[in-house]
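Working notes, beginning with the structure itself.
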Number of protein chains: 2
Amino acid sequence: MIHKNMDSARQGASCPSQQSAADQQRARIQDALSKIRHKIFVLSGKGGVGKSSISANLASALAKKGYRTGLMDVDVHGPSIAHMMGVTDLLDVSPDQQRLLPKQVNENLLVVSVQSLIPEKDQAIIWRGPAKTSMIQQFIGSVEWGDLDFLIIDAPPGTGDEPITIVQNISEALGIIVTTPQEVSLADVRKSISFCNTVKLKPLGIVENMAGFRCPHCNEPIELFASGGGQKTANAQGLDFLGSIPFDLNVVASGDAGTPLMLGDRQTDFTRAFSEIVDKILKQLK
Amino acid sequence: MIHKNMDSARQGASCPSQQSAADQQRARIQDALSKIRHKIFVLSGKGGVGKSSISANLASALAKKGYRTGLMDVDVHGPSIAHMMGVTDLLDVSPDQQRLLPKQVNENLLVVSVQSLIPEKDQAIIWRGPAKTSMIQQFIGSVEWGDLDFLIIDAPPGTGDEPITIVQNISEALGIIVTTPQEVSLADVRKSISFCNTVKLKPLGIVENMAGFRCPHCNEPIELFASGGGQKTANAQGLDFLGSIPFDLNVVASGDAGTPLMLGDRQTDFTRAFSEIVDKILKQLK
């Protein structure tokens, strides 16, 4: 069921007497997910490491390779995927009012964001955990994806209600952990790995973002957030290191402009590094 | 009451039959806060904008000016203040076992972090909202600060359980909103402002972080995350713009090393910009 408004969704938050409604919800989610081959959950211990940008570019890259790909943003408090993908209007609803229809970015790429459910885009979603859990469950179960090769899920950082809800409802998801190279971020990555172990989310590996950078004036290398930490942490924790992505001023600009770099044809250090990571992920899934 | 362990704290989460315990909790919190003159809540819509770094440096700067200052980290999932302030060991408990004793960084600066309550530092706190709310309330009410001029509170980004709990329990707090200059971040700032309006948290103004940067090789300016967005948003929303802080490689290094730049005596573009912001805040509070 699609709630008519926020108040209705809020009232739908967990209550023991609604057990059979919860069972129906679960069945709807399983039905929605059954036509999706691979579910990839992009997570990070800390915000601002570029998780949404990695999600947007990963979905774009997979779509460009011909895979039918969905991108789902469940960051209730700070959804940025809609903006990054240039999707500004609200989602459509199926004729029977029972399903949300994702926005089509191109032939192979579909996007949904909780942002699309919020009519006033600058309005904060000041919700406590149970309301968020209910909204995310409803959201996962309500989208009409059709058959997909990949679903990329972008959730808020940390190990709270939203990631827990994703893992509990999409149990076959595989994780990709995004970090920046400095120690303060890596401490949070170790927490993400501890989260994966506890909730039995299989991680595909670690991606290090904003790693290297070259001055656009003199082309000298600048280590904005130190370097090498991602590889070191992956080794120490026995995880695959999927690769290191350089900081690129065009990524900020393309995020603001609503067109991820991996959708286009331009070759840069960023797109080359990103393509290698995508190939590694595809190899692991074979 | 200080819970003996996590399970006990978790069980203490909200339950209607514990109403009188909740009243006691509130009284304890009011008592703890009554000796603190100004409470400043550093918030951001989005993670990774340097909110913890701003909190650590703001507390350091105020302490350096002679104000007795406390710094409290309530970011349950990704506490980084302990690391940034070089506080690695657990908190002490008062002889009567009723109070948490903050760590003394210098004569005027005291620090507590939820990190200090977690014995295994890489362990993720995989808690849903109600458990976090309970832990944060307990934490606010249990710290023995003594008399303080300032308490700086660093909470997780967004507008969920943790910020709501802070505002509900520290109703006289004033907000400082931190952002980076690019549009994707500013969308989240507008959400933070909407949050302040809704929960009646008075914002002192907006701080723009990671704004300008100079190449360490050729000294040319580089706009890492665009520029000017903080000022523009402040104007549009009728808020004070407290200032713009340049990106500084030393901030990353000093955060990793556990000694915020504003604790030391070195003068840089960062410390000069930061000092101006501190002066503006002090002027507003006079």
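Just remember, in the structure tokens the first chain shown is A, the second B, etc., residues are 1-based per chain, and ligands are 1-based in the order shown.
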Can you work out which residues from chain A touch chain B at a cut-off of 6 Å (counting only C-alpha atoms) and hand them back as a list of chain:residue names? A:Gly47, A:Gly48, A:His77, A:Gly78, A:Asp122, A:Gln123, A:Ala124, A:Ile126, A:Trp127, A:Arg128, A:Gly129, A:Gly158, A:Thr159, A:Gly160, A:Asp161, A:Glu183, A:Val184, A:Asp188, A:Arg190, A:Lys191, A:Ser194, A:Phe195, A:Asp256
Selected residues written out, N, CA and C atoms, as a PDB file, in the first residue's frame:
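The resulting result29.pdb:
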ATOM      1  N   GLY A  47      29.771   9.746   7.028  1.00  0.00           N
ATOM      2  CA  GLY A  47      29.208  10.483   5.918  1.00  0.00           C
ATOM      3  C   GLY A  47      30.276  11.247   5.156  1.00  0.00           C
ATOM      4  N   GLY A  48      29.924  11.737   3.990  1.00  0.00           N
ATOM      5  CA  GLY A  48      30.816  12.626   3.255  1.00  0.00           C
ATOM      6  C   GLY A  48      32.000  11.958   2.595  1.00  0.00           C
ATOM      7  N   HIS A  77      17.066  11.266   5.619  1.00  0.00           N
ATOM      8  CA  HIS A  77      17.384  12.618   6.095  1.00  0.00           C
ATOM      9  C   HIS A  77      18.144  13.466   5.078  1.00  0.00           C
ATOM     10  N   GLY A  78      18.960  12.822   4.253  1.00  0.00           N
ATOM     11  CA  GLY A  78      19.746  13.609   3.295  1.00  0.00           C
ATOM     12  C   GLY A  78      19.837  12.937   1.941  1.00  0.00           C
ATOM     13  N   ASP A 122      13.125  21.077   0.508  1.00  0.00           N
ATOM     14  CA  ASP A 122      13.983  21.551   1.580  1.00  0.00           C
ATOM     15  C   ASP A 122      13.445  21.199   2.970  1.00  0.00           C
ATOM     16  N   GLN A 123      12.368  20.430   2.985  1.00  0.00           N
ATOM     17  CA  GLN A 123      11.763  20.056   4.256  1.00  0.00           C
ATOM     18  C   GLN A 123      12.566  18.919   4.902  1.00  0.00           C
ATOM     19  N   ALA A 124      12.870  19.058   6.191  1.00  0.00           N
ATOM     20  CA  ALA A 124      13.597  17.988   6.880  1.00  0.00           C
ATOM     21  C   ALA A 124      12.634  16.889   7.297  1.00  0.00           C
ATOM     22  N   ILE A 126      11.979  14.852  10.048  1.00  0.00           N
ATOM     23  CA  ILE A 126      12.358  14.770  11.458  1.00  0.00           C
ATOM     24  C   ILE A 126      11.646  13.577  12.069  1.00  0.00           C
ATOM     25  N   TRP A 127      12.153  12.414  11.756  1.00  0.00           N
ATOM     26  CA  TRP A 127      11.500  11.179  12.175  1.00  0.00           C
ATOM     27  C   TRP A 127      12.435  10.380  13.057  1.00  0.00           C
ATOM     28  N   ARG A 128      11.847   9.720  14.031  1.00  0.00           N
ATOM     29  CA  ARG A 128      12.605   8.768  14.819  1.00  0.00           C
ATOM     30  C   ARG A 128      12.624   7.418  14.095  1.00  0.00           C
ATOM     31  N   GLY A 129      13.420   6.501  14.652  1.00  0.00           N
ATOM     32  CA  GLY A 129      13.687   5.229  13.985  1.00  0.00           C
ATOM     33  C   GLY A 129      12.474   4.447  13.477  1.00  0.00           C
ATOM     34  N   GLY A 158      26.667   4.972   8.690  1.00  0.00           N
ATOM     35  CA  GLY A 158      26.494   4.496  10.055  1.00  0.00           C
ATOM     36  C   GLY A 158      25.872   3.121  10.119  1.00  0.00           C
ATOM     37  N   THR A 159      25.452   2.746  11.285  1.00  0.00           N
ATOM     38  CA  THR A 159      24.966   1.391  11.504  1.00  0.00           C
ATOM     39  C   THR A 159      23.661   1.442  12.300  1.00  0.00           C
ATOM     40  N   GLY A 160      22.788   2.384  11.930  1.00  0.00           N
ATOM     41  CA  GLY A 160      21.539   2.568  12.659  1.00  0.00           C
ATOM     42  C   GLY A 160      20.338   1.976  11.947  1.00  0.00           C
ATOM     43  N   ASP A 161      19.185   2.586  12.168  1.00  0.00           N
ATOM     44  CA  ASP A 161      17.918   2.025  11.686  1.00  0.00           C
ATOM     45  C   ASP A 161      17.893   1.735  10.190  1.00  0.00           C
ATOM     46  N   GLU A 183      42.823   8.238   8.784  1.00  0.00           N
ATOM     47  CA  GLU A 183      42.613   7.322   9.923  1.00  0.00           C
ATOM     48  C   GLU A 183      41.255   7.518  10.583  1.00  0.00           C
ATOM     49  N   VAL A 184      40.822   8.793  10.720  1.00  0.00           N
ATOM     50  CA  VAL A 184      39.531   9.042  11.372  1.00  0.00           C
ATOM     51  C   VAL A 184      38.399   8.355  10.600  1.00  0.00           C
ATOM     52  N   ASP A 188      35.890   4.329  11.271  1.00  0.00           N
ATOM     53  CA  ASP A 188      34.483   4.077  10.994  1.00  0.00           C
ATOM     54  C   ASP A 188      34.293   2.903  10.037  1.00  0.00           C
ATOM     55  N   ARG A 190      36.116   0.225  10.020  1.00  0.00           N
ATOM     56  CA  ARG A 190      36.212  -1.009  10.815  1.00  0.00           C
ATOM     57  C   ARG A 190      34.874  -1.274  11.496  1.00  0.00           C
ATOM     58  N   LYS A 191      34.157  -0.205  11.837  1.00  0.00           N
ATOM     59  CA  LYS A 191      32.811  -0.373  12.394  1.00  0.00           C
ATOM     60  C   LYS A 191      31.848  -0.934  11.338  1.00  0.00           C
ATOM     61  N   SER A 194      32.520  -4.552  11.131  1.00  0.00           N
ATOM     62  CA  SER A 194      31.920  -5.198  12.297  1.00  0.00           C
ATOM     63  C   SER A 194      30.406  -5.326  12.107  1.00  0.00           C
ATOM     64  N   PHE A 195      29.804  -4.289  11.515  1.00  0.00           N
ATOM     65  CA  PHE A 195      28.358  -4.330  11.208  1.00  0.00           C
ATOM     66  C   PHE A 195      28.047  -5.474  10.239  1.00  0.00           C
ATOM     67  N   ASP A 256      26.577  18.129  -8.875  1.00  0.00           N
ATOM     68  CA  ASP A 256      25.715  19.311  -8.798  1.00  0.00           C
ATOM     69  C   ASP A 256      24.862  19.459 -10.064  1.00  0.00           C
TER      70      ASP A 256
END
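DSSP secondary structure from the backbone places Leu148, Asp149, Phe150, Leu151, Ile152, Ile153, Asp154, Leu174, Gly175, Ile176, Ile177, Val178, Thr179, Lys202, Pro203, Leu204, Gly205, Ile206, Val207, Glu208, Phe241, Leu242, Gly243 and Ser244 of chain A of stretch 138-269 of chain A in strand (DSSP E).
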Could you please take those selected residues and save C-alpha atoms as a CSV table (one decimal), in the first residue's frame?
chain,number,residue,atom,x,y,z
A,148,LEU,CA,16.8,-6.1,-13.2
A,149,ASP,CA,20.3,-7.3,-13.4
A,150,PHE,CA,21.4,-5.0,-10.6
A,151,LEU,CA,19.9,-3.0,-7.8
A,152,ILE,CA,22.3,-0.5,-6.2
A,153,ILE,CA,21.1,0.7,-2.8
A,154,ASP,CA,22.4,3.9,-1.3
A,174,LEU,CA,26.1,-7.8,-1.0
A,175,GLY,CA,28.0,-4.9,0.5
A,176,ILE,CA,30.5,-2.4,-0.9
A,177,ILE,CA,32.2,-0.3,1.8
A,178,VAL,CA,33.3,3.2,0.8
A,179,THR,CA,35.9,5.1,2.7
A,202,LYS,CA,28.7,-10.4,2.8
A,203,PRO,CA,31.0,-7.5,1.8
A,204,LEU,CA,32.4,-7.6,-1.8
A,205,GLY,CA,35.2,-5.3,-0.7
A,206,ILE,CA,36.4,-1.8,0.1
A,207,VAL,CA,36.5,1.2,-2.2
A,208,GLU,CA,38.8,4.1,-1.3
A,241,PHE,CA,40.4,-4.0,-1.9
A,242,LEU,CA,38.3,-3.1,-5.0
A,243,GLY,CA,40.4,0.0,-5.8
A,244,SER,CA,41.2,3.6,-5.1
Separation of atom CA of A:Ile140 from atom CA of A:Leu285 in Å: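 These two atoms are separated by 22.9 Å.
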In terms of the shortest atom-to-atom distance over only C-alpha atoms, which of A:Leu110, A:Ser60, A:Leu117, A:Ala32 is closest to A:Val93?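 Once distances to A:Val93 are computed over only C-alpha atoms, the minimum belongs to A:Leu117.
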Quick one: pull the distance between atom CA of B:Ser116 and atom CA of B:Gln97, Å, one decimal.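 We find that atom CA of B:Ser116 and atom CA of B:Gln97 lie 15.9 Å from each other.
Among the candidate residues B:Leu33, B:Val143, B:Ile170, B:Met262, the one lying nearest to B:Val278 is B:Met262, with distances computed using only C-alpha atoms.
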Could you name the residues that touch A:Glu144 at 6 Å or less, counting only C-alpha atoms, but leaving out those on the same chain fewer than 2 positions away, as a PyMOL selection string? chain A and resi 99-101+146
How would the residues just picked look written out with C-alpha atoms as a CSV table (one decimal), in the first residue's frame?
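Saved the output as again.csv:
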chain,number,residue,atom,x,y,z
A,99,ARG,CA,3.1,0.7,-7.1
A,100,LEU,CA,5.7,3.4,-7.4
A,101,LEU,CA,7.1,3.8,-10.9
A,146,GLY,CA,10.5,-5.1,-13.4
